[in-house]
Amino acid sequence: MDLENQKRVKTFTEQYGAENIVVLLGAAEGEASGLAAETVTNGDPTYAGPLTGVQLGLRVYHVCEPEMKEEFDPDIYSEQVEMMEMVLDVDDIVNEMTAIREQFCKY
């Protein structure tokens with residue numbers, strides 16, 4: 001997660017409260033999704049950004065996870081995301097995201 005997005009997440013969390021924030025990711029790989037998820041839950045693991053050492057514990061999901069997929073209008077999901085699902089390792093992404101939530105999420 002780039003430094004500007006870390007700053008945005010931190011600002012929104014301070015403004016609205018961590019319990020009111022859900023981060024939705026769309027990275028193409030489980031590892032990349034996991035890194036971003038860890039950043040918004042346990043702090044920036046690269047020690048480079050505004051979330052270094054900041055454990056927000058935010059709820060975080062990937063757009064391809066079943067619980068998120070259910071939240072979208074099926075036609076819009078089909079138009080915007082479904083095509084990418086064919087080339088993504090969705091199981092790897094789900095496993096990575098689930099592990100991060102179980103370990104670091106507070107909400």
# chains A, B, ... in the order shown; residues from 1 in each chain; ligands from 1
call {"tool": "residues_around", "arguments": {"residues": "segment 80-97 of chain A", "least_positions_apart": "5", "cutoff": "7 Å", "atoms": "only C-alpha atoms", "output": "PyMOL selection string"}}
result
chain A and resi 28-30+33-34+37+61+64-65
call {"tool": "residues_around", "arguments": {"residues": "segment 10-26 of chain A", "least_positions_apart": "6", "cutoff": "7 Å", "atoms": "only C-alpha atoms", "output": "list of chain:residue names"}}
result
A:Ser33, A:Leu56, A:Leu58, A:Arg59, A:Val60, A:Tyr61, A:His62, A:Val63, A:Tyr107
call {"tool": "write_last_selection", "arguments": {"atoms": "C-alpha atoms", "output": "PDB file, in the first residue's frame"}}
result
ATOM      1  CA  SER A  33      -3.434  -8.323  -0.688  1.00  0.00           C
ATOM      2  CA  LEU A  56      -5.626   0.111  13.504  1.00  0.00           C
ATOM      3  CA  LEU A  58      -9.505  -2.377  10.663  1.00  0.00           C
ATOM      4  CA  ARG A  59     -11.884  -4.760   8.930  1.00  0.00           C
ATOM      5  CA  VAL A  60     -10.351  -5.557   5.569  1.00  0.00           C
ATOM      6  CA  TYR A  61     -11.614  -7.608   2.639  1.00  0.00           C
ATOM      7  CA  HIS A  62     -10.739  -8.325  -0.962  1.00  0.00           C
ATOM      8  CA  VAL A  63     -13.359  -7.553  -3.591  1.00  0.00           C
ATOM      9  CA  TYR A 107     -13.618  -5.099  14.684  1.00  0.00           C
TER      10      TYR A 107
END
call {"tool": "select_by_dssp", "arguments": {"residues": "chain A", "states": "alpha helix (DSSP H)", "output": "count of residues only"}}
result
53
call {"tool": "select_by_dssp", "arguments": {"residues": "chain A", "states": "strand (DSSP E or B)", "output": "list in words"}}
result
Val22, Val23, Leu24, Leu25, Arg59, Val60, Tyr61 and His62 of chain A
call {"tool": "closest_residue", "arguments": {"among": "A:Ala32, A:Ala27, A:Asp44, A:Gly49", "to": "Glu4 of chain A", "atoms": "only C-alpha atoms"}}
result
A:Gly49
call {"tool": "residues_around", "arguments": {"residues": "Gln55 of chain A", "least_positions_apart": "5", "cutoff": "10 Å", "atoms": "only C-alpha atoms", "output": "list in words"}}
result
Glu38, Thr39, Val40, Thr41, Asn42, Gly43, Asp44, Phe104, Cys105 and Lys106 of chain A
call {"tool": "atom_distance", "arguments": {"atom1": "atom CA of Ala48 of chain A", "atom2": "atom CA of Lys7 of chain A"}}
result
11.6 Å
call {"tool": "atom_distance", "arguments": {"atom1": "atom CA of Leu51 of chain A", "atom2": "atom CA of Glu67 of chain A"}}
result
26.3 Å
call {"tool": "atom_distance", "arguments": {"atom1": "atom CA of Glu102 of chain A", "atom2": "atom CA of Lys69 of chain A"}}
result
19.7 Å
call {"tool": "decode", "arguments": {"residues": "segment 73-85 of chain A", "atoms": "all heavy atoms", "output": "PDB file, in the first residue's frame"}}
result
ATOM      1  N   ASP A  73     -24.274  -5.401  -6.491  1.00  0.00           N
ATOM      2  CA  ASP A  73     -25.286  -5.714  -7.498  1.00  0.00           C
ATOM      3  C   ASP A  73     -24.647  -6.723  -8.454  1.00  0.00           C
ATOM      4  O   ASP A  73     -23.551  -6.467  -8.974  1.00  0.00           O
ATOM      5  CB  ASP A  73     -25.678  -4.428  -8.233  1.00  0.00           C
ATOM      6  CG  ASP A  73     -26.655  -4.670  -9.358  1.00  0.00           C
ATOM      7  OD1 ASP A  73     -26.274  -5.356 -10.335  1.00  0.00           O
ATOM      8  OD2 ASP A  73     -27.783  -4.171  -9.265  1.00  0.00           O
ATOM      9  N   PRO A  74     -25.292  -7.870  -8.684  1.00  0.00           N
ATOM     10  CA  PRO A  74     -24.687  -8.909  -9.520  1.00  0.00           C
ATOM     11  C   PRO A  74     -24.298  -8.438 -10.922  1.00  0.00           C
ATOM     12  O   PRO A  74     -23.260  -8.864 -11.446  1.00  0.00           O
ATOM     13  CB  PRO A  74     -25.771  -9.991  -9.597  1.00  0.00           C
ATOM     14  CG  PRO A  74     -26.636  -9.762  -8.409  1.00  0.00           C
ATOM     15  CD  PRO A  74     -26.586  -8.283  -8.138  1.00  0.00           C
ATOM     16  N   ASP A  75     -25.074  -7.573 -11.520  1.00  0.00           N
ATOM     17  CA  ASP A  75     -24.747  -7.083 -12.859  1.00  0.00           C
ATOM     18  C   ASP A  75     -23.490  -6.223 -12.851  1.00  0.00           C
ATOM     19  O   ASP A  75     -22.650  -6.315 -13.746  1.00  0.00           O
ATOM     20  CB  ASP A  75     -25.919  -6.295 -13.445  1.00  0.00           C
ATOM     21  CG  ASP A  75     -27.132  -7.166 -13.729  1.00  0.00           C
ATOM     22  OD1 ASP A  75     -26.950  -8.379 -13.995  1.00  0.00           O
ATOM     23  OD2 ASP A  75     -28.265  -6.648 -13.670  1.00  0.00           O
ATOM     24  N   ILE A  76     -23.372  -5.381 -11.847  1.00  0.00           N
ATOM     25  CA  ILE A  76     -22.196  -4.516 -11.750  1.00  0.00           C
ATOM     26  C   ILE A  76     -20.952  -5.350 -11.438  1.00  0.00           C
ATOM     27  O   ILE A  76     -19.893  -5.148 -12.021  1.00  0.00           O
ATOM     28  CB  ILE A  76     -22.410  -3.400 -10.703  1.00  0.00           C
ATOM     29  CG1 ILE A  76     -23.510  -2.463 -11.206  1.00  0.00           C
ATOM     30  CG2 ILE A  76     -21.108  -2.648 -10.433  1.00  0.00           C
ATOM     31  CD1 ILE A  76     -23.944  -1.427 -10.217  1.00  0.00           C
ATOM     32  N   TYR A  77     -21.093  -6.305 -10.525  1.00  0.00           N
ATOM     33  CA  TYR A  77     -19.957  -7.184 -10.201  1.00  0.00           C
ATOM     34  C   TYR A  77     -19.506  -7.925 -11.461  1.00  0.00           C
ATOM     35  O   TYR A  77     -18.316  -8.007 -11.755  1.00  0.00           O
ATOM     36  CB  TYR A  77     -20.323  -8.175  -9.102  1.00  0.00           C
ATOM     37  CG  TYR A  77     -19.123  -8.920  -8.576  1.00  0.00           C
ATOM     38  CD1 TYR A  77     -18.377  -8.409  -7.536  1.00  0.00           C
ATOM     39  CD2 TYR A  77     -18.710 -10.124  -9.155  1.00  0.00           C
ATOM     40  CE1 TYR A  77     -17.256  -9.071  -7.065  1.00  0.00           C
ATOM     41  CE2 TYR A  77     -17.596 -10.790  -8.697  1.00  0.00           C
ATOM     42  CZ  TYR A  77     -16.872 -10.266  -7.641  1.00  0.00           C
ATOM     43  OH  TYR A  77     -15.756 -10.920  -7.193  1.00  0.00           O
ATOM     44  N   SER A  78     -20.451  -8.443 -12.189  1.00  0.00           N
ATOM     45  CA  SER A  78     -20.145  -9.184 -13.413  1.00  0.00           C
ATOM     46  C   SER A  78     -19.405  -8.300 -14.411  1.00  0.00           C
ATOM     47  O   SER A  78     -18.408  -8.711 -15.004  1.00  0.00           O
ATOM     48  CB  SER A  78     -21.437  -9.718 -14.031  1.00  0.00           C
ATOM     49  OG  SER A  78     -21.174 -10.376 -15.233  1.00  0.00           O
ATOM     50  N   GLU A  79     -19.870  -7.085 -14.541  1.00  0.00           N
ATOM     51  CA  GLU A  79     -19.274  -6.140 -15.491  1.00  0.00           C
ATOM     52  C   GLU A  79     -17.884  -5.674 -15.062  1.00  0.00           C
ATOM     53  O   GLU A  79     -16.981  -5.520 -15.881  1.00  0.00           O
ATOM     54  CB  GLU A  79     -20.197  -4.932 -15.631  1.00  0.00           C
ATOM     55  CG  GLU A  79     -19.700  -3.859 -16.556  1.00  0.00           C
ATOM     56  CD  GLU A  79     -20.629  -2.652 -16.564  1.00  0.00           C
ATOM     57  OE1 GLU A  79     -21.861  -2.845 -16.608  1.00  0.00           O
ATOM     58  OE2 GLU A  79     -20.118  -1.524 -16.511  1.00  0.00           O
ATOM     59  N   GLN A  80     -17.690  -5.457 -13.775  1.00  0.00           N
ATOM     60  CA  GLN A  80     -16.465  -4.818 -13.296  1.00  0.00           C
ATOM     61  C   GLN A  80     -15.400  -5.777 -12.756  1.00  0.00           C
ATOM     62  O   GLN A  80     -14.217  -5.447 -12.780  1.00  0.00           O
ATOM     63  CB  GLN A  80     -16.812  -3.803 -12.191  1.00  0.00           C
ATOM     64  CG  GLN A  80     -17.703  -2.679 -12.642  1.00  0.00           C
ATOM     65  CD  GLN A  80     -17.027  -1.779 -13.649  1.00  0.00           C
ATOM     66  OE1 GLN A  80     -15.844  -1.479 -13.550  1.00  0.00           O
ATOM     67  NE2 GLN A  80     -17.781  -1.339 -14.634  1.00  0.00           N
ATOM     68  N   VAL A  81     -15.807  -6.933 -12.226  1.00  0.00           N
ATOM     69  CA  VAL A  81     -14.850  -7.773 -11.503  1.00  0.00           C
ATOM     70  C   VAL A  81     -14.762  -9.210 -12.025  1.00  0.00           C
ATOM     71  O   VAL A  81     -13.680  -9.784 -12.064  1.00  0.00           O
ATOM     72  CB  VAL A  81     -15.194  -7.803  -9.985  1.00  0.00           C
ATOM     73  CG1 VAL A  81     -14.196  -8.642  -9.204  1.00  0.00           C
ATOM     74  CG2 VAL A  81     -15.269  -6.397  -9.414  1.00  0.00           C
ATOM     75  N   GLU A  82     -15.865  -9.760 -12.424  1.00  0.00           N
ATOM     76  CA  GLU A  82     -15.930 -11.188 -12.730  1.00  0.00           C
ATOM     77  C   GLU A  82     -14.880 -11.649 -13.738  1.00  0.00           C
ATOM     78  O   GLU A  82     -14.314 -12.745 -13.603  1.00  0.00           O
ATOM     79  CB  GLU A  82     -17.325 -11.539 -13.228  1.00  0.00           C
ATOM     80  CG  GLU A  82     -17.730 -12.950 -12.958  1.00  0.00           C
ATOM     81  CD  GLU A  82     -19.229 -13.111 -13.102  1.00  0.00           C
ATOM     82  OE1 GLU A  82     -19.770 -12.811 -14.188  1.00  0.00           O
ATOM     83  OE2 GLU A  82     -19.852 -13.519 -12.111  1.00  0.00           O
ATOM     84  N   MET A  83     -14.597 -10.847 -14.718  1.00  0.00           N
ATOM     85  CA  MET A  83     -13.601 -11.205 -15.723  1.00  0.00           C
ATOM     86  C   MET A  83     -12.231 -11.437 -15.078  1.00  0.00           C
ATOM     87  O   MET A  83     -11.518 -12.375 -15.431  1.00  0.00           O
ATOM     88  CB  MET A  83     -13.528 -10.082 -16.738  1.00  0.00           C
ATOM     89  CG  MET A  83     -13.174 -10.419 -18.119  1.00  0.00           C
ATOM     90  SD  MET A  83     -14.103 -11.692 -18.896  1.00  0.00           S
ATOM     91  CE  MET A  83     -13.637 -11.271 -20.524  1.00  0.00           C
ATOM     92  N   MET A  84     -11.881 -10.590 -14.110  1.00  0.00           N
ATOM     93  CA  MET A  84     -10.590 -10.727 -13.430  1.00  0.00           C
ATOM     94  C   MET A  84     -10.527 -11.987 -12.588  1.00  0.00           C
ATOM     95  O   MET A  84      -9.449 -12.568 -12.412  1.00  0.00           O
ATOM     96  CB  MET A  84     -10.305  -9.500 -12.562  1.00  0.00           C
ATOM     97  CG  MET A  84      -9.889  -8.280 -13.339  1.00  0.00           C
ATOM     98  SD  MET A  84      -8.450  -8.548 -14.403  1.00  0.00           S
ATOM     99  CE  MET A  84      -7.207  -8.975 -13.207  1.00  0.00           C
ATOM    100  N   GLU A  85     -11.654 -12.427 -12.057  1.00  0.00           N
ATOM    101  CA  GLU A  85     -11.669 -13.641 -11.242  1.00  0.00           C
ATOM    102  C   GLU A  85     -11.114 -14.836 -12.006  1.00  0.00           C
ATOM    103  O   GLU A  85     -10.571 -15.755 -11.405  1.00  0.00           O
ATOM    104  CB  GLU A  85     -13.086 -13.961 -10.768  1.00  0.00           C
ATOM    105  CG  GLU A  85     -13.518 -13.189  -9.566  1.00  0.00           C
ATOM    106  CD  GLU A  85     -14.848 -13.679  -9.023  1.00  0.00           C
ATOM    107  OE1 GLU A  85     -15.565 -14.438  -9.712  1.00  0.00           O
ATOM    108  OE2 GLU A  85     -15.173 -13.302  -7.900  1.00  0.00           O
TER     109      GLU A  85
END
